[in-house]
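In what follows, a structure is listed as structure tokens, so that the remarks can point back to it.
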Amino acid sequence: MAKKISFASILLFSASLIITGCTSTHSLSQGRSFKLRQVSFSDLNGWEQDNFKEAMPGMIASCKNPIKMFSRFCKNLPAYRYASSDEIKAYFEKTLKPYQVISYGQKTGTITGYYEAELTGSRERISSSQIPIYGLPKGYKNGKKYPEREEIEEEGIDAPILAWADDPVELFILHIQGSGRLITPEGEIKLGYAGNNARSFKKLSQILKDSDVDLPSYSMPSMKKWLQENPEEARKLMAKNPRYIFFKETKGDSPYGAAGVVLTPGRSVAVDKNFIPLNTPMWLNTKDPHGYNIQKLVIAQDIGSAIKGGIRADYFWGHGEVAFEKAGRMKSIGSYYLLLPKD
């Protein structure tokens, strides 16, 4: 479940809150790496056009474990569960203020996409080519270093095997995404993130580039195609990412993000929680892989191994092939604003 985080959590690297004023704007600063500049709602591109009703289920879910400073906002939010988009927007404008995030003097950063992976397999092993999907090792401790990926894949690990995957590339992608659905002859098994081996994460695109694998693009669909067409090389290259993910079986709606709530396609984002407290509402301004605007209310409900920095987010597309194509090809420049309580 998400931790209750106070406003002071935003200022992790600062001894005090610095407030500077100039006419109608204020800056809440923790230094060069992270700065908040108050703006008005009229400064948010697309604010008048968003359908706020679509964001309400996710926002209400996040309000079940509110950050302390959002307590009053969350207490009154359920009254707007069935309200119109304009009524919800008016409530946000009445109770919240938008703050633009600035990092190292820049107002923009990288916005990528992710999705809920889908792969095939079985509960019990039915083929020698299948690969185990591990749960948490016995006596697991968060932050403790466990063997690297290559050693686990070659020698195994003292952990329960939840199921068996058919395709090592699909399983590798499941590790990158952190959650997914395993389609078996007996039905669907939903898998959620449980922990990792506390080893460094190395991006697949960087591994391929360092190994002189020349591709037209290093999008996930392109890399996946190459790996599946070159299984022997793929096995060796994927092993170069030391990070290994352990899973747990989940029930009901899925997937769950790090905030402990079900992710909403198009409304949930993964952030660096060293800068953005989980469950914070945000205004995102970026583009999808086809160049169309994404200007909407989103909620910080997840984290990711590669999501580091003050302006860095992963946009959740959902599950299925369309989501995979969009998530795998998305690498856009974007900006965002935190919506913080007026009081």
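Identifiers in this document derive from the order of the structure tokens: chains are assigned A, B, ..., residues are numbered from 1 separately in each chain, and ligands are numbered from 1 in order of occurrence.
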Show me, as JSON lines, the residues of range 209-273 of chain A having an atom within 12 Å of range 66-81 of chain A, each with the closest atom pair and its distance in Å, using only C-alpha atoms.
```
{"residue": "A:Ala259", "atom": "CA", "partner": "A:Pro66", "partner_atom": "CA", "distance": 10.2}
{"residue": "A:Gly260", "atom": "CA", "partner": "A:Pro66", "partner_atom": "CA", "distance": 11.5}
{"residue": "A:Val261", "atom": "CA", "partner": "A:Pro66", "partner_atom": "CA", "distance": 11.7}
```
Item to complete: Name the residues in contact with range 224-228 of chain A at a cut-off of 10 Å, using only C-alpha atoms, excluding same-chain residues fewer than 6 positions from it; report them as a list in words.
Response: Asp167, Pro168, Val169, Glu170, Phe172, Ile173, Leu204, Leu208, Val213, Asp214, Leu215, Tyr218, Ala234, Arg235, Leu237, Met238 and Gly328 of chain A
Please identify all polymer residues within 9 Å of range 283-287 of chain A, counting only C-alpha atoms, omitting same-chain residues fewer than 5 positions from it, and present them as a JSON list (two decimals) with N, CA and C atoms, in the first residue's frame.
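Everything below was put into out26.json:
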```
[["chain", "number", "residue", "atom", "x", "y", "z"],
["A", 44, "LEU", "N", -2.58, 25.86, -18.43],
["A", 44, "LEU", "CA", -2.52, 24.44, -18.73],
["A", 44, "LEU", "C", -3.16, 24.16, -20.08],
["A", 45, "ASN", "N", -2.36, 23.85, -21.08],
["A", 45, "ASN", "CA", -2.88, 23.57, -22.42],
["A", 45, "ASN", "C", -3.84, 22.39, -22.38],
["A", 46, "GLY", "N", -5.06, 22.59, -22.88],
["A", 46, "GLY", "CA", -6.06, 21.54, -22.94],
["A", 46, "GLY", "C", -6.92, 21.42, -21.71],
["A", 47, "TRP", "N", -6.71, 22.24, -20.71],
["A", 47, "TRP", "CA", -7.46, 22.14, -19.45],
["A", 47, "TRP", "C", -8.97, 22.20, -19.68],
["A", 98, "PRO", "N", -2.22, 24.80, -9.55],
["A", 98, "PRO", "CA", -1.23, 24.11, -10.39],
["A", 98, "PRO", "C", 0.17, 24.70, -10.22],
["A", 111, "ILE", "N", 8.97, 11.63, -21.60],
["A", 111, "ILE", "CA", 7.75, 10.89, -21.23],
["A", 111, "ILE", "C", 7.69, 9.64, -22.10],
["A", 292, "TYR", "N", 0.03, 13.07, -31.73],
["A", 292, "TYR", "CA", -1.19, 13.69, -31.23],
["A", 292, "TYR", "C", -1.01, 14.12, -29.78],
["A", 293, "ASN", "N", -1.64, 15.22, -29.41],
["A", 293, "ASN", "CA", -1.50, 15.77, -28.06],
["A", 293, "ASN", "C", -2.08, 14.84, -27.00],
["A", 294, "ILE", "N", -1.36, 14.71, -25.90],
["A", 294, "ILE", "CA", -1.90, 14.13, -24.67],
["A", 294, "ILE", "C", -1.87, 15.25, -23.65],
["A", 295, "GLN", "N", -3.02, 15.81, -23.38],
["A", 295, "GLN", "CA", -3.15, 16.92, -22.43],
["A", 295, "GLN", "C", -4.30, 16.57, -21.51],
["A", 296, "LYS", "N", -3.97, 16.08, -20.32],
["A", 296, "LYS", "CA", -5.02, 15.56, -19.47],
["A", 296, "LYS", "C", -4.57, 15.43, -18.02],
["A", 297, "LEU", "N", -5.57, 15.23, -17.15],
["A", 297, "LEU", "CA", -5.31, 14.95, -15.75],
["A", 297, "LEU", "C", -4.85, 13.51, -15.59],
["A", 298, "VAL", "N", -3.72, 13.31, -14.92],
["A", 298, "VAL", "CA", -3.21, 11.98, -14.62],
["A", 298, "VAL", "C", -2.87, 11.93, -13.13],
["A", 299, "ILE", "N", -2.59, 10.72, -12.64],
["A", 299, "ILE", "CA", -2.29, 10.55, -11.22],
["A", 299, "ILE", "C", -1.01, 9.75, -11.08],
["A", 330, "MET", "N", 6.56, 4.92, -27.66],
["A", 330, "MET", "CA", 6.45, 6.27, -27.11],
["A", 330, "MET", "C", 7.73, 6.73, -26.43],
["A", 331, "LYS", "N", 8.27, 7.81, -26.90],
["A", 331, "LYS", "CA", 9.38, 8.51, -26.25],
["A", 331, "LYS", "C", 9.26, 9.97, -26.65],
["A", 332, "SER", "N", 8.51, 10.71, -25.85],
["A", 332, "SER", "CA", 8.14, 12.07, -26.21],
["A", 332, "SER", "C", 8.75, 13.08, -25.25],
["A", 333, "ILE", "N", 8.81, 14.31, -25.72],
["A", 333, "ILE", "CA", 9.17, 15.42, -24.85],
["A", 333, "ILE", "C", 7.88, 15.94, -24.23],
["A", 334, "GLY", "N", 7.89, 16.21, -22.95],
["A", 334, "GLY", "CA", 6.67, 16.68, -22.31],
["A", 334, "GLY", "C", 6.96, 17.45, -21.04],
["A", 335, "SER", "N", 5.90, 18.03, -20.51],
["A", 335, "SER", "CA", 5.99, 18.76, -19.24],
["A", 335, "SER", "C", 4.82, 18.34, -18.38],
["A", 336, "TYR", "N", 4.93, 18.64, -17.08],
["A", 336, "TYR", "CA", 3.77, 18.40, -16.22],
["A", 336, "TYR", "C", 3.74, 19.35, -15.05],
["A", 337, "TYR", "N", 2.56, 19.38, -14.44],
["A", 337, "TYR", "CA", 2.27, 20.29, -13.34],
["A", 337, "TYR", "C", 1.68, 19.48, -12.20],
["A", 338, "LEU", "N", 2.07, 19.79, -10.98],
["A", 338, "LEU", "CA", 1.45, 19.18, -9.82],
["A", 338, "LEU", "C", 0.26, 20.01, -9.40],
["A", 339, "LEU", "N", -0.84, 19.36, -9.09],
["A", 339, "LEU", "CA", -2.02, 20.04, -8.59],
["A", 339, "LEU", "C", -2.06, 19.86, -7.08]]
```
Item to complete: Write out as a VMD selection string all residues of range 61-275 of chain A that backbone DSSP assigns to alpha helix (DSSP H).
Response: chain A and resid 61 to 62 71 to 76 85 to 95 149 to 155 168 to 177 204 to 210 220 to 229 231 to 238
Fill in: Atomic separation - CA of Met220 in chain A relative to CA of Met59 in chain A, Å
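CA of Met220 in chain A lies at a distance of 29.5 Å from CA of Met59 in chain A.
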Fill in: All strand (DSSP E or B) residues (DSSP, backbone) inside range 101-320 of chain A, as an NGL selection string
:A and (101-103 or 106 or 109-122 or 131-134 or 161-165 or 180-184 or 187-196 or 245-250 or 256 or 262 or 268-270 or 281-287 or 293-302 or 312-319)
Worksheet item: Of the candidates A:Gly139, A:Gly180, A:Ser33, A:Asp166, which one gets nearest to Lys308 in chain A if we count only C-alpha atoms?
Response: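 With only C-alpha atoms as the atom set, the closest residue is A:Ser33.
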Fill in: Interatomic distance, CA of Arg243 in chain A to CA of Gly113 in chain A (Å, one decimal)
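Distance between the two atoms: 19.7 Å.
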Practice prompt. Mind giving me the straight-line distance from CA of Gly178 in chain A to CA of Ser103 in chain A in Å, one decimal?
Written response: 26.8 Å
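The closest residue to Arg125 in chain A, picked from A:Ser254, A:Gln100, A:Thr184, A:Gln301 and counting only C-alpha atoms, is A:Thr184.
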